[in-house]
Number of protein chains: 4
Amino acid sequence: MPKLGMEPIRRAALVEAAIAEIGAAGTLDVTVSRIARRAGVSSGLAHHYFGSKEQIFLASMRHIQTLFGRRVREELRSADTPRDRLNAIIAASFDPDEFAPEIVSAWLIFYVQAQNSPEARRLLHVYTTRLHSNLVFNLKSLTNDANAHVIASALGALIDGLYIRQALGENRLDRYQTMGLVWDYLDIKLSQGGER
Amino acid sequence: MPKLGMEPIRRAALVEAAIAEIGAAGTLDVTVSRIARRAGVSSGLAHHYFGSKEQIFLASMRHIQTLFGRRVREELRSADTPRDRLNAIIAASFDPDEFAPEIVSAWLIFYVQAQNSPEARRLLHVYTTRLHSNLVFNLKSLTNDANAHVIASALGALIDGLYIRQALGENRLDRYQTMGLVWDYLDIKLSQGGER
Amino acid sequence: MPKLGMEPIRRAALVEAAIAEIGAAGTLDVTVSRIARRAGVSSGLAHHYFGSKEQIFLASMRHIQTLFGRRVREELRSADTPRDRLNAIIAASFDPDEFAPEIVSAWLIFYVQAQNSPEARRLLHVYTTRLHSNLVFNLKSLTNDANAHVIASALGALIDGLYIRQALGENRLDRYQTMGLVWDYLDIKLSQGGER
Amino acid sequence: MPKLGMEPIRRAALVEAAIAEIGAAGTLDVTVSRIARRAGVSSGLAHHYFGSKEQIFLASMRHIQTLFGRRVREELRSADTPRDRLNAIIAASFDPDEFAPEIVSAWLIFYVQAQNSPEARRLLHVYTTRLHSNLVFNLKSLTNDANAHVIASALGALIDGLYIRQALGENRLDRYQTMGLVWDYLDIKLSQGGER
DNA sequence: AATGAATGAGTTTTCATTCAT
DNA sequence: GATGAATGAAAACTCATTCAT
């Protein structure tokens, strides 16, 4: 059965299987064998391509980041004004797809991993930095630079906080009310002045 | 030399040891033996008292919640007006002690556990509910009821989001700026009207 | 079945089992499980007591060294003059027990291990140093110091070389002829002068 | 781009790579993949040519013997008298090249393998026999036959013993002192009589 | 009450070997 | 001739849990 050029196919299959297994378990405590079986390959092959369990997880995290980045770009495509773009970025974070159990699990585990794994931390840093830049870039058309940074920081934290609560069923608001909360905060801070 | 009445002492020692080990590891992946050794007892005794590893962890989580509740009550003791009390509740979440590595680990793991363990979820729910009630109770003196709930929801999410970012070094602001952000949000929302 | 004070008993049983298994295989390629089974315990216990396979081997080597040291001391007990003692030391190295297959295997593997394992090298060094000191001490009554060291070096190498050839069936001489060869060398070098 | 007549080239490359890897590891515990990679071919090809890992090792051992035989012949080329030839044979064993790590490893592993592998034993036997014959042949011009055999046996063992000690850093003498020791032994035994 | 001896299932990881291409 | 994809068995090591003492 061995064919040429299988590596990228196998890697992708293993990453997807890892995300699915982690999501199903809600934990990093899944065996490489299970992941490999779900991907339809032997555990040996998983190690052959990734070297270790940790690397499979990091690849999975990278994949999830990539999916999120793609989602943001898609939302941005139909946004024309800076304000529209800010709303689009916010909407991407609350897209129903982002609340699929395996994505939620991945994000929560991500946070735990970020404490120790430098690579996970780096990935987390990429995520927060990108979100921040995206927000700041658009805010700068609407308010002064210092203000833009503070607002972006607050928005980032608010989004993360609401996401986690929503994901764990601890949010009293529905999806639209939740996004409304963020938009409302944005409205207020922008109307407060700090003109360019 | 087993003595009578040792049970509560042993249990407390084991819980504290578990929290310390989890904090040191940044994971739930700590062995019962290590916990027991740190508590100065045998692993057999740990099982004798708790029955299983899982139970040790749940007891640890309960303990951490208790500590947090105590901290909130302490902060509240020196607050007289509703607004002071709101500030006190916020301050409790950003107390430097809350950022001790083992506390940070505990919270992050909490979120992961809450996905599957009903007991962990219940504890998390107790935390969010208590925080919400605390906030709502004091907000109700300052704005109408519906408003109070929305503001409390936003505050809760904002606090959690800022906490995680701060804990993982992804917060661009220092402790005072961070609390300032929350107070500022509170000021705005309260000044917006919705009088009682 | 667990009893107190089993540790030394288990350790000894595991060391003996390791020597037997290594001897039977003629290689270090024996599994911990096999060793443990022969010792009548679980593989987990072997790791519990020794930490790693390597440590089991090192303990085995130490044991073999100890046995050899004991043999030398026994031979020495019935020797009165320096020359008798030199003969006794030589005889110990060619004792039939030293040619048991598992002892031969252990020594040969020892040499291989000594290339990389600092601990094995140290053990080997202890063996050569002790043999050298033993020889030098007795030679010093019969010749001058510098001579004693050179003769001891030659004797050590000759003993080792003859041992290996004998052990591998590449020695054309029988046991007594072999020892005679060494004694003869000693006779010549001592008769050559270099008086004290 | 497979070319014709590559087989001997590949085989030689694999044997040399195997010796290098074994030397680097100090063990037979090297993977076929590593050997193949060092030889610049795939692991599949290594199996294609040799059939199994064991066969690669045996070919490597044969190669090392060949190299040693060549070295002896080279040393002998510039020797004219029997005594010169004896010295040349001794010198070959203590040639600095013989102490290259991979050669030392090979010899030590050889001894271990000789216990079980008939092929390794045969090779070892060829080595000792050849050395013995070489020595005896030249000794016969200088002493009687029986004497020649005994001296050759002693010399062989002395050389091996000194080689191992030198290789493992357990020799107190430098290279010239070491060879001097052997020459000295030869001098004495030849001067003792046993004339032809 | 408390210990530590003991197990054995489970997990990661490695690797020789095979085989389609 | 040559590759690299793929397997699967095997091994070291870990650890929660049990239990005699």
# chains A, B, ... in the order shown; residues from 1 in each chain; ligands from 1

$ interface_residues --of "chain E" --to "chain B" --cutoff "10 Å" --atoms "only C-alpha atoms (C1' of nucleotides)" --output "list of chain:residue names"
E:DA1, E:DA2, E:DT3, E:DG4

$ residues_around --residues "DT14 in chain E" --least-positions-apart "6" --cutoff "12 Å" --atoms "only C-alpha atoms (C1' of nucleotides)" --output "list in words"
Ser43, Gly44, Leu45, His47, His48, Gly51 and Ser52 of chain A; Asp29, Val30, Thr31, Val32 and Ser33 of chain D; DG8, DA9, DA10, DA11 and DA12 of chain F

$ closest_atom_pairs --of "chain B" --to "chain A" --cutoff "10 Å" --atoms "only C-alpha atoms" --output "tab-separated table"
residue	atom	partner	partner_atom	distance
B:Ala24	CA	A:Asn116	CA	10.0
B:Ala25	CA	A:Asn116	CA	8.3
B:Gly26	CA	A:Gln115	CA	6.5
B:Thr27	CA	A:Val112	CA	7.2
B:Leu28	CA	A:Val112	CA	9.8
B:Asp29	CA	A:Asp29	CA	9.2
B:Pro101	CA	A:Gln115	CA	9.0
B:Val104	CA	A:Gln115	CA	9.0
B:Ser105	CA	A:Val112	CA	7.1
B:Ala106	CA	A:Val112	CA	9.4
B:Trp107	CA	A:Val112	CA	9.2
B:Leu108	CA	A:Val112	CA	5.7
B:Ile109	CA	A:Val112	CA	6.4
B:Phe110	CA	A:Leu108	CA	9.6
B:Tyr111	CA	A:Leu108	CA	6.6
B:Val112	CA	A:Leu108	CA	5.6
B:Gln113	CA	A:Gly26	CA	7.8
B:Ala114	CA	A:Leu168	CA	7.3
B:Gln115	CA	A:Gly26	CA	6.5
B:Asn116	CA	A:Gly26	CA	6.7
B:Ser117	CA	A:Gly26	CA	9.9
B:Arg121	CA	A:Leu168	CA	8.3
B:Leu124	CA	A:Glu170	CA	8.5
B:His125	CA	A:Glu170	CA	6.9
B:Thr128	CA	A:Glu170	CA	7.1
B:Thr129	CA	A:Glu170	CA	8.5
B:His149	CA	A:Arg172	CA	8.9
B:Val150	CA	A:Leu181	CA	8.3
B:Ile151	CA	A:Leu181	CA	9.1
B:Ser153	CA	A:Arg172	CA	7.1
B:Ala154	CA	A:Leu181	CA	7.1
B:Leu155	CA	A:Leu158	CA	8.7
B:Gly156	CA	A:Gly161	CA	7.9
B:Ala157	CA	A:Gly161	CA	4.3
B:Leu158	CA	A:Leu158	CA	4.6
B:Ile159	CA	A:Gly161	CA	7.4
B:Asp160	CA	A:Gly161	CA	5.2
B:Gly161	CA	A:Gly161	CA	3.9
B:Leu162	CA	A:Ala157	CA	5.1
B:Tyr163	CA	A:Ala157	CA	8.4
B:Ile164	CA	A:Ala157	CA	8.3
B:Arg165	CA	A:Ala157	CA	7.1
B:Gln166	CA	A:Ala157	CA	9.6
B:Ala167	CA	A:Gln115	CA	8.9
B:Leu168	CA	A:Gln115	CA	6.7
B:Gly169	CA	A:His125	CA	8.9
B:Glu170	CA	A:His125	CA	6.8
B:Asn171	CA	A:Ser153	CA	7.5
B:Arg172	CA	A:Ser153	CA	7.1
B:Leu173	CA	A:Ser153	CA	8.1
B:Gln177	CA	A:Val150	CA	9.3
B:Thr178	CA	A:Ala154	CA	8.7
B:Leu181	CA	A:Ala154	CA	7.1
B:Val182	CA	A:Ala154	CA	8.7
B:Tyr185	CA	A:Tyr185	CA	8.0
B:Ile188	CA	A:Ile188	CA	7.9
B:Lys189	CA	A:Ile188	CA	9.0
B:Gln192	CA	A:Ile188	CA	9.6

$ interface_residues --of "chain F" --to "chain B" --cutoff "10 Å" --atoms "only C-alpha atoms (C1' of nucleotides)" --output "JSON, numbers by chain"
{"F": [14, 15, 16, 17, 18, 19]}

$ residues_around --residues "Asp97 in chain C" --least-positions-apart "4" --cutoff "12 Å" --atoms "only C-alpha atoms (C1' of nucleotides)" --output "ChimeraX atom specification"
/C:64,67-68,71,91-93,101-104,167

$ write_last_selection --atoms "all heavy atoms" --output "PDB file, in the first residue's frame"
ATOM      1  N   ILE C  64      29.663  -8.857  40.994  1.00  0.00           N
ATOM      2  CA  ILE C  64      30.713  -9.731  40.459  1.00  0.00           C
ATOM      3  C   ILE C  64      32.087  -9.304  40.974  1.00  0.00           C
ATOM      4  O   ILE C  64      32.928 -10.133  41.324  1.00  0.00           O
ATOM      5  CB  ILE C  64      30.653  -9.744  38.921  1.00  0.00           C
ATOM      6  CG1 ILE C  64      29.455 -10.592  38.490  1.00  0.00           C
ATOM      7  CG2 ILE C  64      31.942 -10.273  38.315  1.00  0.00           C
ATOM      8  CD1 ILE C  64      29.182 -10.556  37.017  1.00  0.00           C
ATOM      9  N   LEU C  67      32.420 -10.519  44.500  1.00  0.00           N
ATOM     10  CA  LEU C  67      32.728 -11.943  44.556  1.00  0.00           C
ATOM     11  C   LEU C  67      34.204 -12.191  44.263  1.00  0.00           C
ATOM     12  O   LEU C  67      34.864 -12.990  44.927  1.00  0.00           O
ATOM     13  CB  LEU C  67      31.869 -12.716  43.546  1.00  0.00           C
ATOM     14  CG  LEU C  67      30.380 -12.789  43.855  1.00  0.00           C
ATOM     15  CD1 LEU C  67      29.670 -13.616  42.792  1.00  0.00           C
ATOM     16  CD2 LEU C  67      30.149 -13.389  45.241  1.00  0.00           C
ATOM     17  N   PHE C  68      34.712 -11.470  43.249  1.00  0.00           N
ATOM     18  CA  PHE C  68      36.110 -11.652  42.894  1.00  0.00           C
ATOM     19  C   PHE C  68      37.027 -11.214  44.040  1.00  0.00           C
ATOM     20  O   PHE C  68      37.983 -11.915  44.397  1.00  0.00           O
ATOM     21  CB  PHE C  68      36.451 -10.879  41.622  1.00  0.00           C
ATOM     22  CG  PHE C  68      37.898 -10.962  41.255  1.00  0.00           C
ATOM     23  CD1 PHE C  68      38.431 -12.159  40.786  1.00  0.00           C
ATOM     24  CD2 PHE C  68      38.750  -9.872  41.407  1.00  0.00           C
ATOM     25  CE1 PHE C  68      39.776 -12.259  40.465  1.00  0.00           C
ATOM     26  CE2 PHE C  68      40.097  -9.966  41.083  1.00  0.00           C
ATOM     27  CZ  PHE C  68      40.610 -11.167  40.617  1.00  0.00           C
ATOM     28  N   ARG C  71      37.153 -13.804  46.602  1.00  0.00           N
ATOM     29  CA  ARG C  71      37.959 -14.943  46.183  1.00  0.00           C
ATOM     30  C   ARG C  71      39.451 -14.645  46.398  1.00  0.00           C
ATOM     31  O   ARG C  71      40.198 -15.490  46.881  1.00  0.00           O
ATOM     32  CB  ARG C  71      37.706 -15.229  44.696  1.00  0.00           C
ATOM     33  CG  ARG C  71      37.722 -16.726  44.398  1.00  0.00           C
ATOM     34  CD  ARG C  71      37.559 -17.050  42.928  1.00  0.00           C
ATOM     35  NE  ARG C  71      36.448 -16.419  42.234  1.00  0.00           N
ATOM     36  CZ  ARG C  71      35.210 -16.889  42.234  1.00  0.00           C
ATOM     37  NH1 ARG C  71      34.894 -17.966  42.915  1.00  0.00           N
ATOM     38  NH2 ARG C  71      34.263 -16.271  41.544  1.00  0.00           N
ATOM     39  N   ALA C  91      46.437 -16.973  41.132  1.00  0.00           N
ATOM     40  CA  ALA C  91      45.554 -18.145  41.139  1.00  0.00           C
ATOM     41  C   ALA C  91      44.080 -17.744  41.193  1.00  0.00           C
ATOM     42  O   ALA C  91      43.217 -18.374  40.567  1.00  0.00           O
ATOM     43  CB  ALA C  91      45.900 -19.051  42.321  1.00  0.00           C
ATOM     44  N   ALA C  92      43.800 -16.689  41.952  1.00  0.00           N
ATOM     45  CA  ALA C  92      42.402 -16.256  42.074  1.00  0.00           C
ATOM     46  C   ALA C  92      41.807 -15.926  40.710  1.00  0.00           C
ATOM     47  O   ALA C  92      40.638 -16.205  40.435  1.00  0.00           O
ATOM     48  CB  ALA C  92      42.301 -15.041  43.000  1.00  0.00           C
ATOM     49  N   SER C  93      42.626 -15.313  39.849  1.00  0.00           N
ATOM     50  CA  SER C  93      42.121 -14.923  38.533  1.00  0.00           C
ATOM     51  C   SER C  93      41.846 -16.116  37.642  1.00  0.00           C
ATOM     52  O   SER C  93      41.080 -16.017  36.685  1.00  0.00           O
ATOM     53  CB  SER C  93      43.130 -14.007  37.836  1.00  0.00           C
ATOM     54  OG  SER C  93      43.173 -12.752  38.487  1.00  0.00           O
ATOM     55  N   PRO C 101      30.210 -19.464  32.614  1.00  0.00           N
ATOM     56  CA  PRO C 101      29.792 -18.684  31.446  1.00  0.00           C
ATOM     57  C   PRO C 101      29.248 -17.312  31.791  1.00  0.00           C
ATOM     58  O   PRO C 101      29.539 -16.325  31.114  1.00  0.00           O
ATOM     59  CB  PRO C 101      28.703 -19.548  30.810  1.00  0.00           C
ATOM     60  CG  PRO C 101      28.910 -20.917  31.334  1.00  0.00           C
ATOM     61  CD  PRO C 101      29.589 -20.781  32.666  1.00  0.00           C
ATOM     62  N   GLU C 102      28.478 -17.228  32.858  1.00  0.00           N
ATOM     63  CA  GLU C 102      27.865 -15.934  33.163  1.00  0.00           C
ATOM     64  C   GLU C 102      28.905 -14.940  33.666  1.00  0.00           C
ATOM     65  O   GLU C 102      28.771 -13.732  33.461  1.00  0.00           O
ATOM     66  CB  GLU C 102      26.708 -16.073  34.161  1.00  0.00           C
ATOM     67  CG  GLU C 102      27.081 -16.497  35.560  1.00  0.00           C
ATOM     68  CD  GLU C 102      27.084 -18.004  35.693  1.00  0.00           C
ATOM     69  OE1 GLU C 102      27.134 -18.706  34.653  1.00  0.00           O
ATOM     70  OE2 GLU C 102      27.042 -18.487  36.842  1.00  0.00           O
ATOM     71  N   ILE C 103      29.965 -15.439  34.292  1.00  0.00           N
ATOM     72  CA  ILE C 103      31.018 -14.538  34.753  1.00  0.00           C
ATOM     73  C   ILE C 103      31.825 -14.049  33.549  1.00  0.00           C
ATOM     74  O   ILE C 103      32.164 -12.869  33.430  1.00  0.00           O
ATOM     75  CB  ILE C 103      31.938 -15.244  35.777  1.00  0.00           C
ATOM     76  CG1 ILE C 103      31.122 -15.802  36.958  1.00  0.00           C
ATOM     77  CG2 ILE C 103      33.039 -14.304  36.259  1.00  0.00           C
ATOM     78  CD1 ILE C 103      30.485 -14.750  37.809  1.00  0.00           C
ATOM     79  N   VAL C 104      32.120 -14.967  32.656  1.00  0.00           N
ATOM     80  CA  VAL C 104      32.836 -14.583  31.442  1.00  0.00           C
ATOM     81  C   VAL C 104      32.034 -13.528  30.672  1.00  0.00           C
ATOM     82  O   VAL C 104      32.558 -12.478  30.290  1.00  0.00           O
ATOM     83  CB  VAL C 104      33.080 -15.820  30.548  1.00  0.00           C
ATOM     84  CG1 VAL C 104      33.587 -15.384  29.171  1.00  0.00           C
ATOM     85  CG2 VAL C 104      34.064 -16.768  31.208  1.00  0.00           C
ATOM     86  N   ALA C 167      38.825 -17.973  28.319  1.00  0.00           N
ATOM     87  CA  ALA C 167      37.363 -17.917  28.388  1.00  0.00           C
ATOM     88  C   ALA C 167      36.743 -18.175  27.016  1.00  0.00           C
ATOM     89  O   ALA C 167      35.664 -18.763  26.906  1.00  0.00           O
ATOM     90  CB  ALA C 167      36.915 -16.552  28.918  1.00  0.00           C
TER      91      ALA C 167
END

$ residues_around --residues "Leu139 in chain B" --least-positions-apart "3" --cutoff "8 Å" --atoms "only C-alpha atoms (C1' of nucleotides)" --output "PyMOL selection string"
chain B and resi 82-83+86+135-136+142-143+148+152

$ residues_around --residues "Ala13 in chain A" --least-positions-apart "6" --cutoff "12 Å" --atoms "only C-alpha atoms (C1' of nucleotides)" --output "PyMOL selection string"
chain A and resi 6-7+19-20+35-41+45-46+49+56+59-60+63
